[in-house]
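Undergrad: A single structure is presented below for examination.
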Amino acid sequence: MTAPLDGLLVADFSRVLAGPYATATLADLGAEVVKVERPGLGDDTRHWGPPWTSTSSSYFESVNRSKRSVELDLKDPADLALARELTRRADVLVENHRSGALDRLGLGYAEVSSDNPGLVYCSVTGFGSGAGAELPGYDFLVQAVGGLMSITGNAHGEPTKVGVALVDVLTGKDAVVGVLAALAERARTGQGQHVEVNLLSSLLGALANQAGAYLATGSSPTRMGNRHPSIAPYETLRCRGGSVALACGNDGQFRRLAEAVGVPDLADDPRFARNSDRVAHRDALVEALEDALREDDADSWVKRIGDTGVPVGVVGDIGSAIALAESLDLGPTVDVGPGHPRQVRHPATYSRSTTRPMGAPPALGQHNDEIRAWLTRPAGSRPEAADRTTGGNEPCTRHTEGDAP
């Protein structure tokens with residue numbers, strides 16, 4: 001079987017997280033990705049540790065697998081000419097430079113597309129290319145100004161960021177969606193186009209029901225800790241020696257929950273009979289449930305409640321999450337080659353095609369000779385296939401400060 005994007009060439013002029021996450025995903029799907037990096041320095045995240053791997057930082061490796069790395073000094077005329085040749089041969093270009101930086105180098109969309117009208121050119125910014133073009137795009141900043149921190153954390157505590165650069169990740173995923181949609185249109189028309197994504201818009205799109213609540217009422221939702229604004233019980237509840245995460249989504253589930261924990265009368269209590277009643281009387285509901293849950297430990301309750309079909313689990317960590325996925329035969333991680341830690345696999349599977357085997361993240365400039373030689377040969381060929389078990393197909397970088405884009 002072939003991968004969905006076999007034969008696609010991606011010029012990766014991005015760095016840090018959102019852009020590299022997008023291009024790593026395209027590589028997972030079969031594209032050949034050439035990562036352009038600053039000579040001697042490379043992507044900033046190569047130096048962001050601990051933790052470190054035997055060759056780089058785990059941060060860099062997590063989003064730069066299966067790429068080829070070539071060092072190009074875009075201030076050097078000869079290297080800039082090679083970069084321009086790469087854009088002429090590419091199907092997709094992903095960049096997250098500061099506004100206008102690539103235009104000044106002759107690598108902006110208008111000039112590149114005149115030589116390569118089928119190119120899908122994806123720009124990742126913090127706040128768009130208009131009035132917010134000069135604003136710095138940092139994930140943490142966007143979590144703050146974009147409202148995510150306002151709904152994250154304990155009700156009486158400080159606004160809190162999510163424990164991963166989630167806005168960068170969401171923007172990377174949106175970039176992939178935009179690129180794939182533009183490629184689908186190119187298949188019909190033969191024409192590429194400029195795709196733009198930005199951190200703030202990606203965050204707002206991901207706020208889903210919380211943004212919908214504001215637009216419906218004019219009132220901004222607030223922090224509720226682990227509680228759900230519209231469903232109860234849908235939170236963590238204390239039991240003997242720990243806590244369980246409980247996601248009770250309807251009245252039938254609540255009745256089974258009440259029976260499982262030994263308090264069936266709760267389901268007939270007018271304060272708790274319907275979900276809207278339970279939301280209105282949440283504090284009393286939690287008190288009643290926790291009184292019952294104190295009689296046993298978390299593992300016992302997970303078994304007893306889970307057997308009734310009510311969603312329940314023990315609050316775990318990343319290690320236990322990977323172990324759970326392994327126990328469910330989901331194959332959550334893959335080997336990328338000797339000397340490199342395993343990586344989380346691409347989450348999609350296909351019935352008629354496959355994702356490409358992951359290759360090791362590249363050393364800085366690992367593919368300088370082969371990429372430079374290829375770019376000086378007549379157009380029409382692809383870079384020679386790389387061994388993904390020892391350093392894969394890898395490329396591109398970018399020149400912006402920050403924790404995203």
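We label chains A, B, ... in the order they appear in the structure tokens, count residues from 1 in each chain, and number ligands from 1 in the order shown.
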How close does segment 181-273 of chain A get to segment 116-129 of chain A? List, as JSON lines, each residue of segment 181-273 of chain A within 8 Å, its nearest atom pair and the distance in Å to one decimal, counting only C-alpha atoms.
TA:
{"residue": "A:Ala182", "atom": "CA", "partner": "A:Val120", "partner_atom": "CA", "distance": 6.5}
{"residue": "A:Leu183", "atom": "CA", "partner": "A:Val120", "partner_atom": "CA", "distance": 6.9}
{"residue": "A:Arg186", "atom": "CA", "partner": "A:Gly118", "partner_atom": "CA", "distance": 6.9}
{"residue": "A:Gly190", "atom": "CA", "partner": "A:Gly118", "partner_atom": "CA", "distance": 6.0}
{"residue": "A:Gln191", "atom": "CA", "partner": "A:Gly118", "partner_atom": "CA", "distance": 4.6}
{"residue": "A:Gly192", "atom": "CA", "partner": "A:Gly118", "partner_atom": "CA", "distance": 4.1}
{"residue": "A:Gln193", "atom": "CA", "partner": "A:Val120", "partner_atom": "CA", "distance": 5.1}
{"residue": "A:His194", "atom": "CA", "partner": "A:Tyr121", "partner_atom": "CA", "distance": 4.8}
{"residue": "A:Val195", "atom": "CA", "partner": "A:Cys122", "partner_atom": "CA", "distance": 4.6}
{"residue": "A:Glu196", "atom": "CA", "partner": "A:Ser123", "partner_atom": "CA", "distance": 4.9}
{"residue": "A:Val197", "atom": "CA", "partner": "A:Val124", "partner_atom": "CA", "distance": 5.1}
{"residue": "A:Asn198", "atom": "CA", "partner": "A:Thr125", "partner_atom": "CA", "distance": 4.6}
{"residue": "A:Leu199", "atom": "CA", "partner": "A:Gly126", "partner_atom": "CA", "distance": 4.8}
{"residue": "A:Leu200", "atom": "CA", "partner": "A:Phe127", "partner_atom": "CA", "distance": 5.8}
{"residue": "A:Ser201", "atom": "CA", "partner": "A:Phe127", "partner_atom": "CA", "distance": 7.6}
Undergrad: Would you list the contacts of Ala211 of chain A as a count of residues only, taking every protein, DNA or RNA residue within 12 Å and counting only C-alpha atoms, but skipping same-chain residues closer than 4 positions in sequence?
TA: 19
Undergrad: Go through segment 126-225 of chain A and flag each residue having an atom no more than 7 Å from segment 9-29 of chain A; for those, report the closest pair of atoms plus their distance in Å to one decimal, using only C-alpha atoms, ordered by chain and rising number, as CSV.
TA:
residue,atom,partner,partner_atom,distance
A:Asp168,CA,A:Ala18,CA,4.5
A:Val169,CA,A:Ala18,CA,5.7
A:Thr171,CA,A:Ala18,CA,6.0
A:Gly172,CA,A:Ala18,CA,4.5
A:Lys173,CA,A:Ala22,CA,6.1
A:Ala175,CA,A:Ala22,CA,6.2
A:Val176,CA,A:Ala22,CA,5.6
Undergrad: Residues as selected, all heavy atoms, written as a compact mmCIF listing (two decimals), in the first residue's frame, can you do that?
TA:
# COMPACT_ATOMS: atom_id res chain seq x y z
N ASP A 168 -0.42 26.17 19.40
CA ASP A 168 0.48 25.82 18.31
C ASP A 168 0.05 24.53 17.63
O ASP A 168 0.05 24.41 16.40
CB ASP A 168 1.91 25.64 18.84
CG ASP A 168 2.65 26.96 18.98
OD1 ASP A 168 2.19 27.97 18.45
OD2 ASP A 168 3.72 26.96 19.64
N VAL A 169 -0.28 23.52 18.43
CA VAL A 169 -0.68 22.23 17.88
C VAL A 169 -1.97 22.36 17.07
O VAL A 169 -2.08 21.83 15.96
CB VAL A 169 -0.85 21.20 19.01
CG1 VAL A 169 -1.44 19.90 18.48
CG2 VAL A 169 0.50 20.92 19.69
N THR A 171 -3.09 25.02 15.62
CA THR A 171 -2.81 25.78 14.40
C THR A 171 -2.10 24.91 13.38
O THR A 171 -2.37 24.99 12.17
CB THR A 171 -1.97 27.02 14.74
OG1 THR A 171 -2.62 27.78 15.76
CG2 THR A 171 -1.80 27.91 13.51
N GLY A 172 -1.18 24.04 13.86
CA GLY A 172 -0.54 23.11 12.94
C GLY A 172 -1.55 22.19 12.27
O GLY A 172 -1.46 21.91 11.06
N LYS A 173 -2.50 21.71 13.03
CA LYS A 173 -3.54 20.86 12.45
C LYS A 173 -4.39 21.65 11.45
O LYS A 173 -4.75 21.13 10.37
CB LYS A 173 -4.42 20.27 13.56
CG LYS A 173 -3.73 19.17 14.37
CD LYS A 173 -4.66 18.63 15.44
CE LYS A 173 -4.03 17.47 16.20
NZ LYS A 173 -3.88 16.25 15.38
N ALA A 175 -3.40 24.13 9.70
CA ALA A 175 -2.56 24.32 8.52
C ALA A 175 -2.64 23.09 7.61
O ALA A 175 -2.75 23.21 6.39
CB ALA A 175 -1.11 24.59 8.94
N VAL A 176 -2.59 21.90 8.20
CA VAL A 176 -2.69 20.68 7.40
C VAL A 176 -4.04 20.60 6.71
O VAL A 176 -4.13 20.26 5.52
CB VAL A 176 -2.45 19.44 8.28
CG1 VAL A 176 -2.74 18.16 7.51
CG2 VAL A 176 -1.02 19.42 8.80
Undergrad: Go through A:Gly262, A:Gly339, A:Pro378, A:Pro270 one by one, measure the shortest atom-to-atom distance of each to Glu85 of chain A using only C-alpha atoms, and give the residue with the smallest value.
TA: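 Going through A:Gly262, A:Gly339, A:Pro378, A:Pro270 one by one, the smallest distance to Glu85 of chain A is for A:Pro378.
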Undergrad: I'd like to know which of A:Pro4, A:Pro39, A:Glu32, A:Gly132 is closest to Leu364 of chain A, using only C-alpha atoms.
TA: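 Among the listed residues, A:Pro39 lies closest to Leu364 of chain A.
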Undergrad: Tell me, counting only C-alpha atoms, for each residue of segment 207-271 of chain A within 10 Å of segment 289-301 of chain A, which pair of atoms is nearest and how far apart they are in Å to one decimal, in rows ordered by chain and increasing number, as a tab-separated table.
TA:
residue	atom	partner	partner_atom	distance
A:Pro233	CA	A:Leu289	CA	9.2
A:Leu237	CA	A:Glu290	CA	6.3
A:Arg238	CA	A:Glu290	CA	5.9
A:Cys239	CA	A:Arg294	CA	4.4
A:Arg240	CA	A:Arg294	CA	4.6
A:Gly241	CA	A:Asp297	CA	6.0
A:Gly242	CA	A:Ala298	CA	6.0
A:Ser243	CA	A:Ala298	CA	6.0
A:Val244	CA	A:Ala298	CA	5.9
A:Ala245	CA	A:Ala298	CA	9.5
A:Leu257	CA	A:Leu289	CA	9.4
A:Ala258	CA	A:Leu289	CA	8.1
A:Ala260	CA	A:Trp301	CA	8.6
A:Val261	CA	A:Ala292	CA	6.2
A:Gly262	CA	A:Ala292	CA	7.0
A:Val263	CA	A:Ala292	CA	7.3
A:Leu266	CA	A:Leu289	CA	8.9
Undergrad: Apply DSSP to the backbone of this structure and, from segment 203-276 of chain A, keep only the residues in alpha helix (DSSP H); write these as a ChimeraX atom specification.
TA: /A:203-206,208-217,251-260,275-276
Undergrad: Which of these residues is nearest to Gly178 of chain A, using only C-alpha atoms: A:Thr2, A:Gln143, A:Thr53, A:Ser202?
TA: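 Using only C-alpha atoms, the shortest distance to Gly178 of chain A belongs to A:Ser202.
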Undergrad: Can you tell me, as a ChimeraX atom specification, which residues in segment 34-159 of chain A count as strand (DSSP E) by DSSP?
TA: /A:34-37,67-71,92-95,120-125
Undergrad: Could you please take those selected residues and save N, CA, C and O atoms as a tab-separated table (two decimals), in the first residue's frame?
TA:
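And here's selection.tsv as it stands now:
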chain	number	residue	atom	x	y	z
A	34	VAL	N	11.47	18.74	2.92
A	34	VAL	CA	12.82	19.29	3.00
A	34	VAL	C	12.79	20.48	3.96
A	34	VAL	O	12.10	21.48	3.72
A	35	LYS	N	13.50	20.36	5.04
A	35	LYS	CA	13.50	21.40	6.07
A	35	LYS	C	14.70	22.31	5.87
A	35	LYS	O	15.85	21.88	5.95
A	36	VAL	N	14.46	23.58	5.63
A	36	VAL	CA	15.51	24.57	5.42
A	36	VAL	C	15.89	25.16	6.78
A	36	VAL	O	15.04	25.69	7.48
A	37	GLU	N	17.17	25.06	7.14
A	37	GLU	CA	17.61	25.51	8.46
A	37	GLU	C	18.77	26.50	8.37
A	37	GLU	O	19.55	26.48	7.41
A	67	LYS	N	12.02	14.01	8.09
A	67	LYS	CA	12.34	15.15	7.21
A	67	LYS	C	13.81	15.09	6.81
A	67	LYS	O	14.60	14.37	7.40
A	68	ARG	N	14.16	15.88	5.78
A	68	ARG	CA	15.55	16.06	5.41
A	68	ARG	C	15.96	17.48	5.76
A	68	ARG	O	15.21	18.42	5.51
A	69	SER	N	17.13	17.63	6.31
A	69	SER	CA	17.62	18.95	6.73
A	69	SER	C	18.70	19.44	5.79
A	69	SER	O	19.69	18.75	5.54
A	70	VAL	N	18.50	20.66	5.27
A	70	VAL	CA	19.53	21.32	4.47
A	70	VAL	C	19.75	22.71	5.04
A	70	VAL	O	18.81	23.43	5.35
A	71	GLU	N	21.01	23.06	5.23
A	71	GLU	CA	21.35	24.39	5.73
A	71	GLU	C	21.48	25.35	4.55
A	71	GLU	O	22.27	25.13	3.63
A	92	VAL	N	4.09	22.04	-2.06
A	92	VAL	CA	3.60	22.77	-0.88
A	92	VAL	C	4.78	23.50	-0.25
A	92	VAL	O	5.90	22.96	-0.20
A	93	LEU	N	4.54	24.70	0.22
A	93	LEU	CA	5.52	25.45	1.01
A	93	LEU	C	4.84	25.87	2.30
A	93	LEU	O	3.73	26.39	2.27
A	94	VAL	N	5.51	25.63	3.42
A	94	VAL	CA	4.99	26.05	4.73
A	94	VAL	C	6.02	26.99	5.35
A	94	VAL	O	7.21	26.67	5.42
A	95	GLU	N	5.57	28.15	5.80
A	95	GLU	CA	6.49	29.13	6.40
A	95	GLU	C	5.82	29.85	7.55
A	95	GLU	O	4.60	29.99	7.60
A	120	VAL	N	0.93	25.23	-3.41
A	120	VAL	CA	0.09	25.56	-2.26
A	120	VAL	C	1.03	26.15	-1.20
A	120	VAL	O	1.91	25.45	-0.69
A	121	TYR	N	0.87	27.42	-0.92
A	121	TYR	CA	1.79	28.20	-0.07
A	121	TYR	C	1.06	28.49	1.24
A	121	TYR	O	0.07	29.21	1.26
A	122	CYS	N	1.53	27.93	2.33
A	122	CYS	CA	0.84	28.06	3.62
A	122	CYS	C	1.66	28.94	4.56
A	122	CYS	O	2.80	28.61	4.89
A	123	SER	N	1.06	30.04	5.01
A	123	SER	CA	1.69	30.95	5.97
A	123	SER	C	1.05	30.79	7.34
A	123	SER	O	-0.18	30.80	7.46
A	124	VAL	N	1.88	30.63	8.36
A	124	VAL	CA	1.43	30.50	9.74
A	124	VAL	C	1.88	31.74	10.49
A	124	VAL	O	3.07	32.07	10.53
A	125	THR	N	0.92	32.47	11.07
A	125	THR	CA	1.23	33.69	11.81
A	125	THR	C	0.60	33.64	13.19
A	125	THR	O	-0.17	32.74	13.51
Undergrad: So which residues touch Asn250 of chain A within 9 Å, counting only C-alpha atoms, skipping near sequence neighbours fewer than 4 positions away, as a ChimeraX atom specification?
TA: /A:231-232,254-255,274-275
Undergrad: For the residues in the current selection, export all heavy atoms as a compact mmCIF listing (two decimals), in the first residue's frame.
TA:
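After the write, again.txt holds the following:
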# COMPACT_ATOMS: atom_id res chain seq x y z
N ILE A 231 -23.03 20.01 31.95
CA ILE A 231 -23.33 18.62 32.27
C ILE A 231 -22.88 18.32 33.69
O ILE A 231 -21.84 18.79 34.13
CB ILE A 231 -22.61 17.65 31.31
CG1 ILE A 231 -22.86 18.02 29.85
CG2 ILE A 231 -23.05 16.20 31.56
CD1 ILE A 231 -22.02 17.23 28.86
N ALA A 232 -23.67 17.51 34.42
CA ALA A 232 -23.28 17.06 35.76
C ALA A 232 -23.86 15.67 36.02
O ALA A 232 -24.99 15.39 35.61
CB ALA A 232 -23.76 18.05 36.82
N PHE A 254 -26.84 8.52 34.60
CA PHE A 254 -26.85 8.93 36.01
C PHE A 254 -27.58 7.91 36.88
O PHE A 254 -27.15 7.60 38.00
CB PHE A 254 -27.47 10.31 36.17
CG PHE A 254 -27.52 10.74 37.61
CD1 PHE A 254 -26.34 11.05 38.30
CD2 PHE A 254 -28.72 10.80 38.31
CE1 PHE A 254 -26.37 11.41 39.63
CE2 PHE A 254 -28.75 11.18 39.64
CZ PHE A 254 -27.57 11.48 40.31
N ARG A 255 -28.68 7.40 36.38
CA ARG A 255 -29.40 6.40 37.17
C ARG A 255 -28.54 5.16 37.42
O ARG A 255 -28.49 4.63 38.52
CB ARG A 255 -30.72 6.02 36.47
CG ARG A 255 -31.55 4.99 37.23
CD ARG A 255 -32.92 4.80 36.61
NE ARG A 255 -33.73 6.01 36.77
CZ ARG A 255 -34.43 6.33 37.86
NH1 ARG A 255 -34.40 5.51 38.92
NH2 ARG A 255 -35.14 7.43 37.91
N ARG A 274 -33.01 15.23 36.38
CA ARG A 274 -32.63 15.60 35.02
C ARG A 274 -31.28 16.32 35.04
O ARG A 274 -30.89 16.89 36.05
CB ARG A 274 -33.69 16.49 34.38
CG ARG A 274 -35.06 15.83 34.23
CD ARG A 274 -36.07 16.80 33.68
NE ARG A 274 -36.18 17.99 34.55
CZ ARG A 274 -36.89 19.07 34.24
NH1 ARG A 274 -37.53 19.11 33.09
NH2 ARG A 274 -36.94 20.09 35.08
N ASN A 275 -30.63 16.32 33.89
CA ASN A 275 -29.31 16.96 33.83
C ASN A 275 -29.37 18.42 34.24
O ASN A 275 -28.52 18.91 34.98
CB ASN A 275 -28.72 16.84 32.43
CG ASN A 275 -27.37 17.53 32.32
OD1 ASN A 275 -26.39 17.09 32.92
ND2 ASN A 275 -27.32 18.62 31.59
